[in-house]
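Quick notes on the structure that follows.
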Amino acid sequence: MELPLREALRRKEPTVLKFTMKHHHCDQFMWPHPDALITRICYLVTSFALLVAGSAHETPQQVVTRYNNYKAICSGMGFENVRCKDLIVFQSSLTKALQNLKNQETVIFDKVSLNEGNAYDNISGIFTAPLDGIYSFTWTILTASGKYFVTELVLNGQRVAYNHADGRGHDGFPMTTSHAKIKIKKGDKVWIRATGNYGQYAHGGHYCYFSGEKL
């Protein structure tokens, strides 16, 4: 006897499924072990949806719409906790030069070129983690000859890493880049701030940037 999918999963009994997607049709097949397959259902459905979209020469927006539709199907089937990896990544830069920042003054990278997950605020300069996890951050500072700009990356106000851009005794425009990988919790805040009285000069024009992503 065929059972509705949700009822079959609840009773852990075999059921017969039939899927039809646009011009693609799959014959009936038996699902003998639903518990073993639950964690794969959404990935298979969304992957197949994208495959169908690609073969039908759909536009990028149509691909996104189809993907979201099949995610909604998974949710409607009761698999709210089974989802694709959440994409959290941002890239920001300085549009104008910064000079003579005070001790612990936030370096606000005001131009956002990428902000998937909307976790970075270009008004405050603060990244707020939307999920627990391990995150990777990178920031680059370009100063000028005879100038310096020392910064630190902080997690909830606690220093994690330094960046020391020092142009004293050098010609040209010295540039330094620093990296940090941090295990943080949802709601934790990460930002870049000046250290001591060393926030003398940071070049604008998008030469200085701050980026991060959830691994």
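Residue numbering restarts at 1 for every chain of the structure tokens, chains are lettered A, B, ... in their displayed order, and ligands are numbered from 1 as they appear.
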
Inset, instruction - Identify, with DSSP run on backbone atoms, the residues in stretch 58-129 of chain A assigned to strand (DSSP E or B), and express the list as a PyMOL selection string. - result: chain A and resi 89-93+98-101+106+111-116+120-121+126-128

Hey, what's within 10 Å of A:Ile123 if we count only C-alpha atoms and toss same-chain stuff fewer than 6 positions away? As a PDB file with all heavy atoms, in the first residue's frame, please?
```
ATOM      1  N   ILE A 108      36.643  52.038   9.985  1.00  0.00           N
ATOM      2  CA  ILE A 108      35.409  51.712   9.273  1.00  0.00           C
ATOM      3  C   ILE A 108      35.688  51.598   7.776  1.00  0.00           C
ATOM      4  O   ILE A 108      35.982  52.586   7.104  1.00  0.00           O
ATOM      5  CB  ILE A 108      34.321  52.770   9.528  1.00  0.00           C
ATOM      6  CG1 ILE A 108      34.018  52.839  11.032  1.00  0.00           C
ATOM      7  CG2 ILE A 108      33.056  52.438   8.734  1.00  0.00           C
ATOM      8  CD1 ILE A 108      33.020  53.920  11.409  1.00  0.00           C
ATOM      9  N   PHE A 109      35.618  50.374   7.284  1.00  0.00           N
ATOM     10  CA  PHE A 109      35.779  50.123   5.857  1.00  0.00           C
ATOM     11  C   PHE A 109      34.402  50.339   5.228  1.00  0.00           C
ATOM     12  O   PHE A 109      33.513  49.493   5.341  1.00  0.00           O
ATOM     13  CB  PHE A 109      36.294  48.706   5.631  1.00  0.00           C
ATOM     14  CG  PHE A 109      37.670  48.478   6.217  1.00  0.00           C
ATOM     15  CD1 PHE A 109      37.822  48.191   7.570  1.00  0.00           C
ATOM     16  CD2 PHE A 109      38.799  48.577   5.419  1.00  0.00           C
ATOM     17  CE1 PHE A 109      39.086  47.983   8.119  1.00  0.00           C
ATOM     18  CE2 PHE A 109      40.069  48.378   5.955  1.00  0.00           C
ATOM     19  CZ  PHE A 109      40.217  48.091   7.308  1.00  0.00           C
ATOM     20  N   ASP A 110      34.239  51.493   4.597  1.00  0.00           N
ATOM     21  CA  ASP A 110      32.905  51.983   4.269  1.00  0.00           C
ATOM     22  C   ASP A 110      32.300  51.461   2.975  1.00  0.00           C
ATOM     23  O   ASP A 110      31.085  51.508   2.786  1.00  0.00           O
ATOM     24  CB  ASP A 110      32.929  53.512   4.223  1.00  0.00           C
ATOM     25  CG  ASP A 110      33.945  54.043   3.217  1.00  0.00           C
ATOM     26  OD1 ASP A 110      35.133  53.701   3.353  1.00  0.00           O
ATOM     27  OD2 ASP A 110      33.557  54.793   2.306  1.00  0.00           O
ATOM     28  N   LYS A 111      33.128  50.957   2.071  1.00  0.00           N
ATOM     29  CA  LYS A 111      32.605  50.484   0.792  1.00  0.00           C
ATOM     30  C   LYS A 111      32.475  48.962   0.819  1.00  0.00           C
ATOM     31  O   LYS A 111      33.469  48.242   0.965  1.00  0.00           O
ATOM     32  CB  LYS A 111      33.529  50.907  -0.353  1.00  0.00           C
ATOM     33  CG  LYS A 111      33.113  50.385  -1.712  1.00  0.00           C
ATOM     34  CD  LYS A 111      31.752  50.929  -2.148  1.00  0.00           C
ATOM     35  CE  LYS A 111      31.409  50.471  -3.563  1.00  0.00           C
ATOM     36  NZ  LYS A 111      30.082  50.995  -3.998  1.00  0.00           N
TER      37      LYS A 111
END
```

Legend entry - Long-range neighbours of A:Tyr198 as a PyMOL selection string, 9 Å cut-off, only C-alpha atoms, 6 positions minimum in chain: chain A and resi 100-103+148-151

Output file for the selection above: N, CA, C and O atoms, as a PDB file, in the first residue's frame:
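Produced file result18.pdb, reproduced below:
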```pdb
ATOM      1  N   ASN A 100      45.274  60.168  11.769  1.00  0.00           N
ATOM      2  CA  ASN A 100      45.318  60.488  13.196  1.00  0.00           C
ATOM      3  C   ASN A 100      44.134  59.929  13.988  1.00  0.00           C
ATOM      4  O   ASN A 100      43.446  60.651  14.716  1.00  0.00           O
ATOM      5  N   LEU A 101      43.907  58.628  13.841  1.00  0.00           N
ATOM      6  CA  LEU A 101      42.859  57.979  14.628  1.00  0.00           C
ATOM      7  C   LEU A 101      43.286  57.872  16.085  1.00  0.00           C
ATOM      8  O   LEU A 101      44.469  57.745  16.397  1.00  0.00           O
ATOM      9  N   LYS A 102      42.327  57.903  16.953  1.00  0.00           N
ATOM     10  CA  LYS A 102      42.586  57.798  18.383  1.00  0.00           C
ATOM     11  C   LYS A 102      42.812  56.334  18.776  1.00  0.00           C
ATOM     12  O   LYS A 102      42.502  55.419  18.013  1.00  0.00           O
ATOM     13  N   ASN A 103      43.317  56.111  19.969  1.00  0.00           N
ATOM     14  CA  ASN A 103      43.527  54.759  20.462  1.00  0.00           C
ATOM     15  C   ASN A 103      42.208  53.988  20.505  1.00  0.00           C
ATOM     16  O   ASN A 103      41.211  54.492  21.035  1.00  0.00           O
ATOM     17  N   TYR A 148      52.712  55.784   9.381  1.00  0.00           N
ATOM     18  CA  TYR A 148      52.463  54.454   9.941  1.00  0.00           C
ATOM     19  C   TYR A 148      50.992  54.335  10.311  1.00  0.00           C
ATOM     20  O   TYR A 148      50.300  55.329  10.519  1.00  0.00           O
ATOM     21  N   PHE A 149      50.545  53.087  10.376  1.00  0.00           N
ATOM     22  CA  PHE A 149      49.144  52.830  10.739  1.00  0.00           C
ATOM     23  C   PHE A 149      49.080  51.424  11.316  1.00  0.00           C
ATOM     24  O   PHE A 149      49.127  50.434  10.586  1.00  0.00           O
ATOM     25  N   VAL A 150      48.976  51.347  12.632  1.00  0.00           N
ATOM     26  CA  VAL A 150      48.985  50.063  13.327  1.00  0.00           C
ATOM     27  C   VAL A 150      47.566  49.738  13.790  1.00  0.00           C
ATOM     28  O   VAL A 150      46.912  50.563  14.437  1.00  0.00           O
ATOM     29  N   THR A 151      47.108  48.549  13.454  1.00  0.00           N
ATOM     30  CA  THR A 151      45.741  48.160  13.788  1.00  0.00           C
ATOM     31  C   THR A 151      45.708  46.773  14.423  1.00  0.00           C
ATOM     32  O   THR A 151      46.696  46.034  14.400  1.00  0.00           O
TER      33      THR A 151
END
```

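Here atom CA of A:Ala165 and atom CA of A:Leu94 stand 15.3 Å from one another.
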
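Distance check against A:Trp139 using only C-alpha atoms: of A:Ala180, A:Val64, A:Leu114, A:Leu215, the minimum falls on A:Ala180.
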
Legend entry - A:Ile134 surroundings by only C-alpha atoms, 12 Å radius, close-in-sequence under 4 positions cut, as a PyMOL selection string: chain A and resi 88+129-130+180-186+188+212-215

Store the residues picked out above, limited to N, CA and C atoms, as a compact mmCIF listing (two decimals), in the first residue's frame.
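After the write, out_19.txt holds the following:
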```txt
# COMPACT_ATOMS: atom_id res chain seq x y z
N ILE A 88 28.24 32.86 4.23
CA ILE A 88 28.49 34.10 4.96
C ILE A 88 29.88 34.59 4.55
N ALA A 129 28.53 37.91 13.87
CA ALA A 129 28.38 36.52 13.41
C ALA A 129 26.92 36.08 13.48
N PRO A 130 26.33 35.67 12.36
CA PRO A 130 24.95 35.19 12.37
C PRO A 130 24.82 33.74 12.83
N ALA A 180 43.49 36.04 10.37
CA ALA A 180 43.12 35.41 11.64
C ALA A 180 41.95 34.47 11.40
N LYS A 181 42.02 33.30 12.00
CA LYS A 181 40.91 32.35 11.98
C LYS A 181 40.44 32.20 13.42
N ILE A 182 39.14 32.41 13.62
CA ILE A 182 38.58 32.46 14.97
C ILE A 182 37.35 31.59 15.09
N LYS A 183 37.25 30.87 16.20
CA LYS A 183 36.03 30.12 16.51
C LYS A 183 35.13 31.04 17.31
N ILE A 184 34.01 31.40 16.75
CA ILE A 184 33.13 32.35 17.41
C ILE A 184 31.69 31.85 17.47
N LYS A 185 30.89 32.51 18.28
CA LYS A 185 29.50 32.13 18.48
C LYS A 185 28.58 33.15 17.84
N LYS A 186 27.36 32.72 17.60
CA LYS A 186 26.36 33.61 17.04
C LYS A 186 26.23 34.86 17.90
N ASP A 188 28.56 37.16 18.28
CA ASP A 188 29.88 37.74 18.57
C ASP A 188 30.20 38.80 17.53
N GLY A 212 36.06 38.76 5.28
CA GLY A 212 35.90 37.60 6.14
C GLY A 212 34.88 36.63 5.59
N GLU A 213 34.95 35.40 6.09
CA GLU A 213 34.00 34.37 5.65
C GLU A 213 33.90 33.26 6.68
N LYS A 214 32.76 32.60 6.69
CA LYS A 214 32.56 31.43 7.54
C LYS A 214 33.11 30.21 6.79
N LEU A 215 33.96 29.46 7.44
CA LEU A 215 34.56 28.29 6.81
C LEU A 215 33.63 27.08 6.86
```

Inset, instruction - Quick one: everything within 9 Å of A:Ala161, counting only C-alpha atoms, minus sequence neighbours fewer than 3 positions away in the same chain. Send it as a ChimeraX atom specification. - result: /A:151-154,178-180

Keeping only N, CA and C atoms, take the residues you just selected and write them out as a PDB file, in the first residue's frame.
```
ATOM      1  N   THR A 151      47.108  48.549  13.454  1.00  0.00           N
ATOM      2  CA  THR A 151      45.741  48.160  13.788  1.00  0.00           C
ATOM      3  C   THR A 151      45.708  46.773  14.423  1.00  0.00           C
ATOM      4  N   GLU A 152      44.546  46.418  14.958  1.00  0.00           N
ATOM      5  CA  GLU A 152      44.350  45.094  15.536  1.00  0.00           C
ATOM      6  C   GLU A 152      42.936  44.627  15.245  1.00  0.00           C
ATOM      7  N   LEU A 153      42.802  43.332  15.071  1.00  0.00           N
ATOM      8  CA  LEU A 153      41.484  42.725  14.929  1.00  0.00           C
ATOM      9  C   LEU A 153      41.036  42.271  16.304  1.00  0.00           C
ATOM     10  N   VAL A 154      39.811  42.629  16.674  1.00  0.00           N
ATOM     11  CA  VAL A 154      39.316  42.300  18.008  1.00  0.00           C
ATOM     12  C   VAL A 154      38.030  41.495  17.931  1.00  0.00           C
ATOM     13  N   SER A 178      47.235  41.011   7.239  1.00  0.00           N
ATOM     14  CA  SER A 178      47.176  40.089   8.374  1.00  0.00           C
ATOM     15  C   SER A 178      45.960  39.185   8.247  1.00  0.00           C
ATOM     16  N   HIS A 179      46.088  37.987   8.830  1.00  0.00           N
ATOM     17  CA  HIS A 179      45.015  36.992   8.769  1.00  0.00           C
ATOM     18  C   HIS A 179      44.717  36.477  10.177  1.00  0.00           C
ATOM     19  N   ALA A 180      43.492  36.039  10.369  1.00  0.00           N
ATOM     20  CA  ALA A 180      43.122  35.410  11.637  1.00  0.00           C
ATOM     21  C   ALA A 180      41.953  34.468  11.401  1.00  0.00           C
TER      22      ALA A 180
END
```

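Atom CA of A:Val89 lies 28.8 Å from atom CA of A:Asp166.
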
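Atom CA of A:Ala202 sits 15.4 Å away from atom CA of A:Asp171.
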